[in-house]
$ cat start_7.csv   # CSV, C-alpha atoms
chain,number,residue,atom,x,y,z
A,254,MET,CA,0.0,0.0,0.0
A,255,THR,CA,1.4,3.4,-0.9
A,256,SER,CA,1.9,6.2,1.7
A,257,ASP,CA,-1.0,8.2,0.3
A,258,LYS,CA,-3.4,5.3,0.7
A,259,LYS,CA,-2.2,4.6,4.2
A,260,HIS,CA,-2.7,8.2,5.1
A,261,GLN,CA,-6.2,8.2,3.6
A,262,GLU,CA,-7.1,5.0,5.5
A,263,ALA,CA,-5.9,6.5,8.8
A,264,ALA,CA,-7.8,9.8,8.1
A,265,ASP,CA,-11.0,7.8,7.4
A,266,LEU,CA,-10.6,6.0,10.7
A,267,ILE,CA,-10.1,9.2,12.7
A,268,LEU,CA,-13.0,10.9,10.9
A,269,GLY,CA,-15.2,8.0,11.4
A,270,ALA,CA,-14.5,8.0,15.1
A,271,TYR,CA,-15.3,11.7,15.3
A,272,GLU,CA,-18.6,11.2,13.6
A,273,SER,CA,-19.8,8.0,15.2
A,274,GLY,CA,-18.4,8.5,18.7
A,275,GLU,CA,-16.9,5.0,18.5
A,276,PHE,CA,-13.2,4.9,19.2
A,277,CYS,CA,-10.7,3.5,16.8
A,278,GLN,CA,-7.4,1.6,17.3
A,279,PRO,CA,-4.1,3.4,17.1
A,280,ILE,CA,-3.4,4.5,13.5
A,281,ARG,CA,0.3,4.3,14.0
A,282,HIS,CA,0.0,0.7,13.0
A,283,ILE,CA,-1.0,2.0,9.6
A,284,ILE,CA,1.2,5.0,9.1
A,285,GLY,CA,4.1,4.4,11.4
A,286,GLU,CA,5.3,6.8,14.1
A,287,SER,CA,6.7,9.7,12.1
A,288,VAL,CA,5.7,13.3,12.7
A,289,GLU,CA,5.4,13.9,9.0
A,290,ALA,CA,2.9,11.1,8.5
A,291,GLY,CA,0.8,12.4,11.4
A,292,TYR,CA,0.5,15.9,9.9
A,293,ALA,CA,-0.3,14.4,6.5
A,294,VAL,CA,-3.3,12.6,8.0
A,295,GLN,CA,-4.3,15.7,10.0
A,296,ALA,CA,-4.2,17.8,6.7
A,297,LEU,CA,-6.5,15.4,5.0
A,298,ASN,CA,-9.2,15.7,7.6
A,299,THR,CA,-8.7,19.5,7.9
A,300,LYS,CA,-9.4,19.8,4.2
A,301,ARG,CA,-12.6,17.7,4.5
A,302,TRP,CA,-13.8,19.7,7.4
A,303,LEU,CA,-13.2,23.0,5.5
A,304,GLU,CA,-15.2,21.5,2.6
A,305,GLN,CA,-18.0,20.8,5.0
A,306,GLY,CA,-18.1,24.5,6.0
A,307,ARG,CA,-16.0,24.6,9.2
A,308,ARG,CA,-13.8,27.7,9.6
A,309,ILE,CA,-10.3,27.9,11.0
A,310,VAL,CA,-9.8,30.4,13.8
A,311,GLY,CA,-6.3,29.5,15.1
A,312,ARG,CA,-4.1,26.7,16.3
A,313,LYS,CA,-3.5,24.8,19.5
A,314,ILE,CA,0.0,23.7,20.7
A,315,GLY,CA,0.4,20.4,22.4
A,316,LEU,CA,3.3,18.4,24.0
A,317,THR,CA,4.8,21.5,25.6
A,318,SER,CA,5.8,19.5,28.7
A,319,PRO,CA,9.2,17.8,28.6
A,320,ALA,CA,7.8,14.9,30.6
A,321,VAL,CA,5.0,14.3,28.0
A,322,GLN,CA,7.5,14.7,25.1
A,323,ALA,CA,9.7,12.0,26.7
A,324,GLN,CA,6.6,9.8,27.1
A,325,LEU,CA,5.9,10.0,23.4
A,326,GLY,CA,9.5,9.8,22.3
A,327,VAL,CA,9.8,13.3,20.8
A,328,ASP,CA,11.8,16.5,21.4
A,329,GLN,CA,9.3,19.0,20.1
A,330,PRO,CA,5.7,20.2,20.5
A,331,ASP,CA,2.9,19.5,18.0
A,332,PHE,CA,0.0,21.5,16.8
A,333,GLY,CA,-3.6,21.1,15.8
A,334,VAL,CA,-6.3,23.3,14.1
A,335,LEU,CA,-8.9,25.3,16.0
A,336,PHE,CA,-12.2,25.6,14.3
A,337,ALA,CA,-14.8,28.3,15.1
A,338,ASP,CA,-17.3,25.7,16.3
A,339,MET,CA,-14.9,24.5,19.0
A,340,GLU,CA,-15.1,27.7,21.0
A,341,TYR,CA,-17.6,28.3,23.9
A,342,PRO,CA,-17.9,31.4,26.1
A,343,THR,CA,-16.6,31.4,29.6
A,344,GLY,CA,-19.2,30.2,32.1
A,345,GLY,CA,-20.9,28.3,29.3
A,346,ALA,CA,-22.2,24.7,29.3
A,347,LEU,CA,-20.3,22.4,27.0
A,348,PRO,CA,-22.1,19.4,25.7
A,349,TYR,CA,-20.6,16.1,26.8
A,350,SER,CA,-21.8,14.6,23.5
A,351,ARG,CA,-19.1,16.6,21.7
A,352,MET,CA,-16.3,15.1,23.8
A,353,GLN,CA,-14.5,11.8,23.6
A,354,GLN,CA,-12.5,10.6,26.6
A,355,PRO,CA,-12.3,14.2,27.8
A,356,LYS,CA,-9.7,15.9,29.9
A,357,ALA,CA,-9.3,19.6,30.9
A,358,GLU,CA,-6.2,21.7,31.0
A,359,ALA,CA,-5.6,25.3,31.8
A,360,GLU,CA,-3.7,27.5,29.3
A,361,ILE,CA,-2.8,31.0,28.3
A,362,ALA,CA,-4.3,32.0,25.0
A,363,LEU,CA,-2.9,34.6,22.7
A,364,VAL,CA,-4.9,36.4,20.0
A,365,LEU,CA,-3.0,38.0,17.1
A,366,LYS,CA,-3.5,41.4,15.5
A,367,ALA,CA,-1.2,40.8,12.6
A,368,ASP,CA,-0.3,38.0,10.1
A,369,LEU,CA,2.8,35.9,10.8
A,370,SER,CA,4.3,34.6,7.6
A,371,ASP,CA,8.1,34.4,8.3
A,372,SER,CA,9.7,31.1,9.3
A,373,GLY,CA,12.5,33.2,10.7
A,374,LEU,CA,10.2,35.2,12.9
A,375,THR,CA,11.9,36.9,15.9
A,376,PRO,CA,10.6,37.1,19.5
A,377,SER,CA,10.1,40.9,19.2
A,378,GLU,CA,8.2,40.5,16.0
A,379,LEU,CA,5.9,38.0,17.6
A,380,LEU,CA,5.4,40.2,20.6
A,381,ARG,CA,4.3,43.1,18.4
A,382,ALA,CA,1.9,40.9,16.6
A,383,VAL,CA,0.0,39.8,19.7
A,384,ASP,CA,-3.2,41.7,20.4
A,385,TYR,CA,-3.9,40.3,23.9
A,386,ALA,CA,-3.7,37.3,26.2
A,387,ALA,CA,-6.6,35.5,27.8
A,388,PRO,CA,-7.1,32.6,30.3
A,389,ALA,CA,-8.3,29.5,28.6
A,390,ILE,CA,-9.4,26.0,29.4
A,391,GLU,CA,-8.9,23.4,26.6
A,392,ILE,CA,-10.9,20.2,26.5
A,393,VAL,CA,-8.7,17.6,25.0
A,394,GLY,CA,-9.9,14.2,23.8
A,395,SER,CA,-8.9,11.2,21.9
A,396,ARG,CA,-10.5,9.3,19.1
A,397,ILE,CA,-8.0,6.5,19.8
A,398,ASN,CA,-9.3,3.9,22.2
A,399,ASN,CA,-8.1,4.3,25.8
A,400,TRP,CA,-5.7,7.1,24.9
A,401,ASP,CA,-3.3,4.5,23.5
A,402,ILE,CA,-1.3,7.1,21.6
A,403,LYS,CA,2.2,7.8,20.2
A,404,ILE,CA,3.2,11.0,18.4
A,405,SER,CA,1.7,10.1,15.0
A,406,ASP,CA,-1.6,9.1,16.6
A,407,THR,CA,-2.1,12.4,18.4
A,408,ILE,CA,-1.0,14.6,15.5
A,409,ALA,CA,-3.3,12.8,13.1
A,410,ASP,CA,-6.1,13.2,15.6
A,411,ASN,CA,-5.8,17.0,15.3
A,412,ALA,CA,-3.4,17.1,18.3
A,413,SER,CA,-6.1,15.4,20.5
A,414,SER,CA,-8.2,18.6,20.4
A,415,SER,CA,-11.9,18.9,21.2
A,416,LEU,CA,-13.3,22.2,22.5
A,417,TYR,CA,-12.0,25.3,24.3
A,418,VAL,CA,-13.2,28.3,26.4
A,419,LEU,CA,-11.6,31.7,26.5
A,420,GLY,CA,-11.9,34.0,29.5
A,421,THR,CA,-11.9,37.8,29.5
A,422,PRO,CA,-8.8,39.4,27.8
A,423,SER,CA,-6.1,40.6,30.2
A,424,GLY,CA,-4.9,43.6,28.3
A,425,SER,CA,-1.4,44.5,27.2
A,426,LEU,CA,1.3,41.9,27.5
A,427,ALA,CA,3.5,44.7,28.8
A,428,ASP,CA,1.6,44.5,32.1
A,429,VAL,CA,2.2,40.8,32.9
A,430,ASP,CA,5.1,38.3,32.8
A,431,LEU,CA,3.5,35.2,31.2
A,432,GLY,CA,6.4,33.0,32.3
A,433,ASP,CA,5.7,33.8,35.9
A,434,ALA,CA,2.0,33.5,35.7
A,435,ARG,CA,0.6,31.0,38.3
A,436,MET,CA,-2.3,28.7,37.6
A,437,VAL,CA,-4.8,26.9,39.8
A,438,MET,CA,-7.5,24.8,38.2
A,439,LYS,CA,-10.4,23.5,40.2
A,440,LYS,CA,-13.0,20.8,39.5
A,441,ASN,CA,-16.2,21.0,41.4
A,442,GLY,CA,-14.6,23.5,43.8
A,443,LYS,CA,-11.5,21.3,44.6
A,444,PRO,CA,-8.0,22.2,43.4
A,445,VAL,CA,-6.9,19.5,41.0
A,446,SER,CA,-4.0,21.1,38.9
A,447,TYR,CA,-1.3,23.6,39.6
A,448,GLY,CA,1.2,25.1,37.2
A,449,ALA,CA,2.9,28.2,35.8
A,450,GLY,CA,3.9,29.8,32.5
A,451,VAL,CA,7.4,28.5,32.8
A,452,ALA,CA,6.1,24.9,32.4
A,453,CYS,CA,5.1,25.8,28.8
A,454,LEU,CA,8.4,25.4,26.9
A,455,GLY,CA,10.0,27.8,29.5
A,456,HIS,CA,7.5,30.6,28.5
A,457,PRO,CA,4.2,30.6,26.6
A,458,LEU,CA,5.8,33.0,24.0
A,459,ASN,CA,8.4,30.3,23.3
A,460,ALA,CA,5.6,28.0,22.4
A,461,ALA,CA,3.9,30.6,20.2
A,462,LEU,CA,7.1,31.4,18.4
A,463,TRP,CA,7.7,27.7,17.6
A,464,LEU,CA,4.1,27.5,16.3
A,465,ALA,CA,4.4,30.6,14.1
A,466,ARG,CA,7.7,29.5,12.6
A,467,THR,CA,6.4,26.0,12.0
A,468,CYS,CA,3.2,27.1,10.4
A,469,ALA,CA,5.1,29.5,8.1
A,470,ALA,CA,7.5,26.7,7.1
A,471,PHE,CA,4.4,24.6,6.3
A,472,GLY,CA,3.1,27.5,4.1
A,473,ASP,CA,0.0,27.8,6.4
A,474,ASN,CA,0.6,31.1,8.1
A,475,LEU,CA,-1.1,32.3,11.2
A,476,LYS,CA,-3.4,35.3,10.6
A,477,ALA,CA,-4.6,38.4,12.4
A,478,GLY,CA,-7.5,37.4,14.7
A,479,ASP,CA,-6.2,33.9,15.1
A,480,VAL,CA,-6.3,32.3,18.6
A,481,ILE,CA,-3.2,30.4,19.8
A,482,LEU,CA,-3.6,28.0,22.7
A,483,THR,CA,0.0,27.9,23.9
A,484,GLY,CA,-0.1,24.7,25.9
A,485,ALA,CA,-1.0,23.3,29.3
A,486,LEU,CA,0.4,25.1,32.4
A,487,GLY,CA,-0.2,22.0,34.6
A,488,PRO,CA,-1.4,18.4,34.5
A,489,MET,CA,-4.6,17.7,32.6
A,490,VAL,CA,-7.6,16.3,34.6
A,491,ALA,CA,-10.2,13.9,33.5
A,492,ILE,CA,-13.8,15.3,33.4
A,493,ASP,CA,-17.3,14.0,33.2
A,494,GLU,CA,-20.9,15.0,32.8
A,495,GLY,CA,-22.0,17.5,35.5
A,496,ASP,CA,-18.5,18.7,36.3
A,497,PHE,CA,-17.7,22.4,36.9
A,498,VAL,CA,-14.2,23.4,35.9
A,499,GLU,CA,-12.6,26.8,36.7
A,500,ALA,CA,-9.1,28.1,36.4
A,501,ASP,CA,-7.4,31.2,37.7
A,502,ILE,CA,-4.1,32.4,36.1
A,503,SER,CA,-2.3,35.2,38.0
A,504,GLY,CA,-2.1,38.4,36.0
A,505,ILE,CA,-4.2,36.9,33.2
A,506,GLY,CA,-7.7,36.2,34.8
A,507,ALA,CA,-10.2,33.5,35.4
A,508,VAL,CA,-12.2,31.2,33.1
A,509,SER,CA,-14.8,28.5,33.8
A,510,LEU,CA,-17.1,26.0,32.2
A,511,SER,CA,-19.6,23.3,33.1
A,512,ILE,CA,-20.2,19.9,31.3
A,513,SER,CA,-23.8,19.3,30.3
A,514,SER,CA,-25.4,15.9,29.7
A,515,GLU,CA,-26.4,16.8,26.2

$ encode --input "start_7.csv" --output "structure tokens"
Amino acid sequence: MTSDKKHQEAADLILGAYESGEFCQPIRHIIGESVEAGYAVQALNTKRWLEQGRRIVGRKIGLTSPAVQAQLGVDQPDFGVLFADMEYPTGGALPYSRMQQPKAEAEIALVLKADLSDSGLTPSELLRAVDYAAPAIEIVGSRINNWDIKISDTIADNASSSLYVLGTPSGSLADVDLGDARMVMKKNGKPVSYGAGVACLGHPLNAALWLARTCAAFGDNLKAGDVILTGALGPMVAIDEGDFVEADISGIGAVSLSISSE
């Protein structure tokens, strides 16, 4: 079987799991464990979703923790696509039916005010292109049964993305040190995850810079208005129907969501 056919078979399995709610087996057994193969599969389903009318509004960064990178045998983050229908307002009820094996993680989101098209982008150029930061909770999920994933599985599965919630914008980045921002996430009123900006590749702007350069190298530039979820500040936490999740990030703000039984 050719690589193209393997990629298509894997994309069909992932898409089928999204649409049916039934989990699939790891697709690394079809495409291997290369990063490039994972992105090839991700691109196939992104194209199909765009043809169905979905709209891209940004990207999410995953694998920003050295411990998670080591677990999956890689030395770099990965990214997935954010679509407009994945975002919910802070305080909103997110339908459990749109989640598969869900877990919550608190992050710092960045929203751009300028396009980023240079694979040699500098930190100062990135900083000038950011409009504002906001607290965020990402709901990650996996179409792969029992989260049995390696690097190509999660990349192919749109970096294990599901939904996300943005809190109120914090204002100018000049007023806050993102690397020193402290995070506490609670589930049903009980603290369940702690972290800080430094846990995200040393600084959330490091993660955003990696993403902007990588997307530019792919020829798929980040654009003004795009949302960047820069990566988890602390351990992810499993969630279920009826849960209420809230996160507070010092200097950035608070964000919350509930999980409905819909």

$ residues_around --input "start_7.csv" --residues "Thr407 (chain A)" --least-positions-apart "5" --cutoff "8 Å" --atoms "all atoms listed in the file" --output "PDB file with C-alpha atoms, in the frame of the given file"
ATOM      1  CA  GLY A 291       0.800  12.400  11.400  1.00  0.00           C
ATOM      2  CA  SER A 395      -8.900  11.200  21.900  1.00  0.00           C
ATOM      3  CA  ILE A 402      -1.300   7.100  21.600  1.00  0.00           C
ATOM      4  CA  ALA A 412      -3.400  17.100  18.300  1.00  0.00           C
ATOM      5  CA  SER A 413      -6.100  15.400  20.500  1.00  0.00           C
TER       6      SER A 413
END

$ residues_around --input "start_7.csv" --residues "region 442-449 of chain A" --least-positions-apart "4" --cutoff "8 Å" --atoms "all atoms listed in the file" --output "PyMOL selection string"
chain A and resi 432-438+453+486-490+497-498

$ atom_distance --input "start_7.csv" --atom1 "CA of Ala485 (chain A)" --atom2 "CA of Thr317 (chain A)"
7.1 Å

$ atom_distance --input "start_7.csv" --atom1 "CA of Leu347 (chain A)" --atom2 "CA of Glu494 (chain A)"
9.4 Å

$ closest_residue --input "start_7.csv" --among "A:Ala500, A:Val327, A:Val321, A:Leu462" --to "Ala389 (chain A)" --atoms "all atoms listed in the file"
A:Ala500

$ atom_distance --input "start_7.csv" --atom1 "CA of Ser511 (chain A)" --atom2 "CA of Val383 (chain A)"
28.9 Å

$ closest_residue --input "start_7.csv" --among "A:Asn459, A:Ile404, A:Leu431, A:Leu268" --to "Lys300 (chain A)" --atoms "all atoms listed in the file"
A:Leu268

$ residues_around --input "start_7.csv" --residues "region 330-343 of chain A" --least-positions-apart "6" --cutoff "7 Å" --atoms "all atoms listed in the file" --output "ChimeraX atom specification"
/A:307-317,408,411-412,414-420,508-510

$ closest_residue --input "start_7.csv" --among "A:Ala470, A:Val451, A:Ala323, A:Ile390" --to "Lys439 (chain A)" --atoms "all atoms listed in the file"
A:Ile390

$ residues_around --input "start_7.csv" --residues "Leu365 (chain A)" --least-positions-apart "5" --cutoff "6 Å" --atoms "all atoms listed in the file" --output "ChimeraX atom specification"
/A:382-384,477-479

$ axis_aligned_box --input "start_7.csv" --around "region 277-292 of chain A" --padding-each-side "5 Å" --output "JSON"
{"center_x": -2.0, "center_y": 8.3, "center_z": 12.9, "size_x": 27.4, "size_y": 25.2, "size_z": 18.8}

$ residues_around --input "start_7.csv" --residues "Arg466 (chain A)" --least-positions-apart "6" --cutoff "9 Å" --atoms "all atoms listed in the file" --output "number ranges by chain"
A: 369-374, 474

$ closest_residue --input "start_7.csv" --among "A:Ala367, A:Ile481, A:Ala362, A:Ala469" --to "Pro422 (chain A)" --atoms "all atoms listed in the file"
A:Ala362

$ closest_residue --input "start_7.csv" --among "A:Ala427, A:Leu482, A:Ile492, A:Ile280" --to "Pro388 (chain A)" --atoms "all atoms listed in the file"
A:Leu482
